[in-house]
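Remarks on the structure that follows.
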Amino acid sequence: MRFSVIMPVYNSEKTLRESIASVLSQTCTDFELILVDDGSTDGSAVMCDSAAREDPRVRVIHQTNCRQLRTRLNGIAASKGEYCVFLDSDDLYTPDNLEKLEEAIVAFQEPDLLIRSFYYEYPDGSLKAAPFLFDSPVFFEGDDRKTVLSCFFTGTMLNSVWTKAVKRTVFEGSFPDYARFSELLVAEDRLHSMGMADNAGRIVYLPERCCRYRTLPGSVTRDYSPENALRFCTKAIYPEELAYIERWGLPVPETVQRLNAQYAAGAIYVFDRFYRNAASSADRTALIALPWRSFLPEPCIESLSANPFLNEAQIALTKMILRADGAGLMRYYLRKRTRDRLKMLKNRWTSHG
C-alpha cells in the first residue's frame, strides 16, 4: 500500500463528513484512511465508525483524549502504507492530491519527505493561495538540506504537517515522541515537522497546493477572549528549536536572531488579532494587562533592540506590548485606523478617476 492518510478527529461532526469524502474521492486509490477519534463527545465517533463500515479502506482508532500530537503519533504507529500523509478533520484534500504525490515519489526515486503548499479557504468559500518557498521542484540531500531546513527559521510556511508526505521509516528508531509537549495548542505541528525533517535524508519541495485549510468561525483559534491569548505561546519548544539549529549546522548567531524575530513578530500578530477582534473596551484593557513577557523567550527580549531582522516599528510595538503600555498602544491603533481610513479614501478617489 502506498499511502496511509492519518486524520486526528475531535468533536468535528460539522466538518468531518466533507473531510473524509475529500480523501475517499481521490483519483489515486492506493491508500488507507486512519481516523483516530481522540475521545470525541459529539457525534464524531459514530461518523468514523459509519465511514469504516461503508468503505474498507477506512480504519478507526478510538482512544481517550490525549490531544493532537499524541493522536497523530498513534495514527502513524498503526499505519501500513509506505508514506504517511495527514489531514485535519476540518480541512479538505484537492481531488488529485495523492495522484500528484505518487508521480513525484516515482520521479524523485522515493524521497523520505515531500513538502508542498496549500490554499486558505474562507467561510464564504473563497480561496487564497499560500505562497511557495521555491518556484520549481527542488531536491535536497546531504549538506544541501540546510537550504530547506533554514526555512523553519525564516517564516512559518514549513510548520503544517498536512503539507507533507513522509516515508514511514522516517518515524522509526530515533524519532522523538514529544510526549512532554502533548498539551500544546499551536506549536505541535512545527515540532512534529522539525522531527520529520531531521530524520529525512532526502527531501523534495514541490510548488503545488495539496489541500484547503478552512478558516472556520467558532474554533479555539478564533476565540478572542483575552484569557485565550496566551494559549498561543510557543515558548516551550524554544530549547528544541535551538537544538535543531545546532544539529543542522546552521549559522548560529544569525539563525537564532531570525528565530527570535519570529517570536517577536508572533507576539505582535497574536496581540493584534485579539485587539482588533475584542468584544469591548474592557476586553482590550484586559488584553493589554496580560503578562506578555511570559509569551517570549528571555533571549528574545534581551536582544530585541539589536535584532537586525526586526524593523524599528516592530521593536517599538513589541516593547509597548511587553510593558503593557496601554496609552501607547491605543495611540498606535488610533493612528493606524486613521492611516487605513485615509488609504481607503485615497483608493476610492483614485478608482473614481
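Numbering starts fresh at 1 for the residues of each chain in the C-alpha cells, the chains themselves are lettered A, B, ... in the order given, and ligands are numbered from 1 as they appear.
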query = So which bits of stretch 174-246 of chain A end up strand (DSSP E or B) when you DSSP the backbone, as a list in words?
reply =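 Residues of stretch 174-246 of chain A classed as strand (DSSP E or B): Arg202, Ile203, Val204, Tyr205, Leu206, Pro207, Glu208, Arg209, Cys210, Cys211, Arg212, Tyr213 and Arg214 of chain A.
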Please produce a file of the residues just selected, as a PDB file, in the first residue's frame, where the atoms kept are N, CA and C atoms.
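See selection07.pdb below for the written result:
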ATOM      1  N   ARG A 202      16.556  12.599   2.388  1.00  0.00           N
ATOM      2  CA  ARG A 202      16.296  13.092   1.037  1.00  0.00           C
ATOM      3  C   ARG A 202      14.944  13.810   1.049  1.00  0.00           C
ATOM      4  N   ILE A 203      14.961  15.102   0.745  1.00  0.00           N
ATOM      5  CA  ILE A 203      13.783  15.962   0.859  1.00  0.00           C
ATOM      6  C   ILE A 203      13.468  16.589  -0.497  1.00  0.00           C
ATOM      7  N   VAL A 204      12.191  16.613  -0.849  1.00  0.00           N
ATOM      8  CA  VAL A 204      11.748  17.253  -2.090  1.00  0.00           C
ATOM      9  C   VAL A 204      10.732  18.341  -1.753  1.00  0.00           C
ATOM     10  N   TYR A 205      10.917  19.518  -2.330  1.00  0.00           N
ATOM     11  CA  TYR A 205       9.896  20.570  -2.239  1.00  0.00           C
ATOM     12  C   TYR A 205       9.209  20.689  -3.591  1.00  0.00           C
ATOM     13  N   LEU A 206       7.863  20.685  -3.573  1.00  0.00           N
ATOM     14  CA  LEU A 206       7.072  20.762  -4.794  1.00  0.00           C
ATOM     15  C   LEU A 206       6.204  22.018  -4.767  1.00  0.00           C
ATOM     16  N   PRO A 207       6.306  22.894  -5.762  1.00  0.00           N
ATOM     17  CA  PRO A 207       5.466  24.103  -5.806  1.00  0.00           C
ATOM     18  C   PRO A 207       4.064  23.774  -6.306  1.00  0.00           C
ATOM     19  N   GLU A 208       3.294  23.107  -5.477  1.00  0.00           N
ATOM     20  CA  GLU A 208       1.915  22.790  -5.786  1.00  0.00           C
ATOM     21  C   GLU A 208       1.121  22.784  -4.481  1.00  0.00           C
ATOM     22  N   ARG A 209      -0.185  22.918  -4.591  1.00  0.00           N
ATOM     23  CA  ARG A 209      -1.030  23.043  -3.402  1.00  0.00           C
ATOM     24  C   ARG A 209      -1.888  21.797  -3.250  1.00  0.00           C
ATOM     25  N   CYS A 210      -1.839  21.207  -2.056  1.00  0.00           N
ATOM     26  CA  CYS A 210      -2.394  19.872  -1.859  1.00  0.00           C
ATOM     27  C   CYS A 210      -3.699  19.851  -1.083  1.00  0.00           C
ATOM     28  N   CYS A 211      -4.031  20.927  -0.370  1.00  0.00           N
ATOM     29  CA  CYS A 211      -5.240  20.882   0.445  1.00  0.00           C
ATOM     30  C   CYS A 211      -5.792  22.283   0.674  1.00  0.00           C
ATOM     31  N   ARG A 212      -6.991  22.309   1.222  1.00  0.00           N
ATOM     32  CA  ARG A 212      -7.680  23.563   1.527  1.00  0.00           C
ATOM     33  C   ARG A 212      -7.828  23.673   3.036  1.00  0.00           C
ATOM     34  N   TYR A 213      -7.098  24.618   3.597  1.00  0.00           N
ATOM     35  CA  TYR A 213      -7.130  24.869   5.034  1.00  0.00           C
ATOM     36  C   TYR A 213      -8.283  25.815   5.319  1.00  0.00           C
ATOM     37  N   ARG A 214      -9.288  25.335   6.032  1.00  0.00           N
ATOM     38  CA  ARG A 214     -10.513  26.104   6.220  1.00  0.00           C
ATOM     39  C   ARG A 214     -10.451  26.941   7.498  1.00  0.00           C
TER      40      ARG A 214
END
Close residues, A:Ala187 itself excluded, 9 Å, only C-alpha atoms, min 6 positions apart in chain, as a VMD selection string = chain A and resid 159 181 232 to 234 236 to 237
key: Within 9 Å of A:Ala229 using only C-alpha atoms, minus same-chain residues under 2 positions, as a ChimeraX atom specification   = /A:223-227,231-233,270-271,274,287,290
task = Record the distance separating atom CA of A:Cys66 and atom CA of A:Gly173, expressed in Å with one decimal.
result =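 If I compute the distance from atom CA of A:Cys66 to atom CA of A:Gly173, I get 22.7 Å.
The coordinates place atom CA of A:Leu35 at 17.4 Å from atom CA of A:Leu98.
Among A:Tyr122, A:Ala261, A:Ala267, A:Glu110, the residue with the shortest atom-to-atom distance to A:Gly201, counting only C-alpha atoms, is A:Glu110.
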remark   = Residue with the minimum atom-to-atom distance to A:Asp112, picked from A:Val46, A:Ala200, A:Cys151, A:Met194 with only C-alpha atoms counted, is A:Ala200
Could you name the residues that touch A:Gln68 at 9 Å or less, counting only C-alpha atoms, but leaving out those on the same chain fewer than 4 positions away, as a CSV table (one decimal) with C-alpha atoms, in the first residue's frame?
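Output file around14.csv follows:
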chain,number,residue,atom,x,y,z
A,8,PRO,CA,-7.0,13.1,14.0
A,9,VAL,CA,-10.6,13.6,15.0
A,10,TYR,CA,-12.0,15.5,17.9
A,38,ASP,CA,-9.5,11.4,20.3
A,72,ARG,CA,-1.2,11.8,15.3
A,73,LEU,CA,1.7,9.6,16.6
A,182,SER,CA,1.2,17.0,24.4
A,183,GLU,CA,-0.7,19.9,25.9
A,184,LEU,CA,0.5,22.5,23.3
A,185,LEU,CA,-2.3,24.3,21.4
A,188,GLU,CA,2.7,20.8,17.8
A,189,ASP,CA,2.7,20.9,14.0
ask   = Counting only C-alpha atoms, what is within 10 Å of A:Asn11, bar same-chain residues fewer than 2 positions away, as a PyMOL selection string?
value = chain A and resi 9+13-16+37-45+89
key: Top pick for closest residue to A:Tyr263, considering A:Asn307, A:Thr71, A:Gln26, A:Ser19 and counting only C-alpha atoms   =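 Under the stated criterion, the closest residue is A:Asn307.
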inquiry  = For A:Phe31, find every residue with an atom within 6 Å (counting only C-alpha atoms), except residues of its own chain fewer than 4 positions away, and show them as a list in words.
reply    = Arg2, Phe3 and Ser4 of chain A
Please save N, CA and C atoms of the selected residues as a CSV table (one decimal), in the first residue's frame.
chain,number,residue,atom,x,y,z
A,2,ARG,N,0.5,2.2,-0.8
A,2,ARG,CA,1.4,3.4,-1.0
A,2,ARG,C,1.2,4.4,0.1
A,3,PHE,N,-0.1,4.8,0.5
A,3,PHE,CA,-0.3,5.9,1.4
A,3,PHE,C,-1.2,5.4,2.6
A,4,SER,N,-0.8,6.0,3.7
A,4,SER,CA,-1.7,6.0,4.9
A,4,SER,C,-2.1,7.4,5.2
query = Expressed in Å to a single decimal, how great is the separation between atom CA of A:Asn74 and atom CA of A:Leu230?
reply =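 Computing the Euclidean distance for atom CA of A:Asn74 and atom CA of A:Leu230 yields 27.9 Å.
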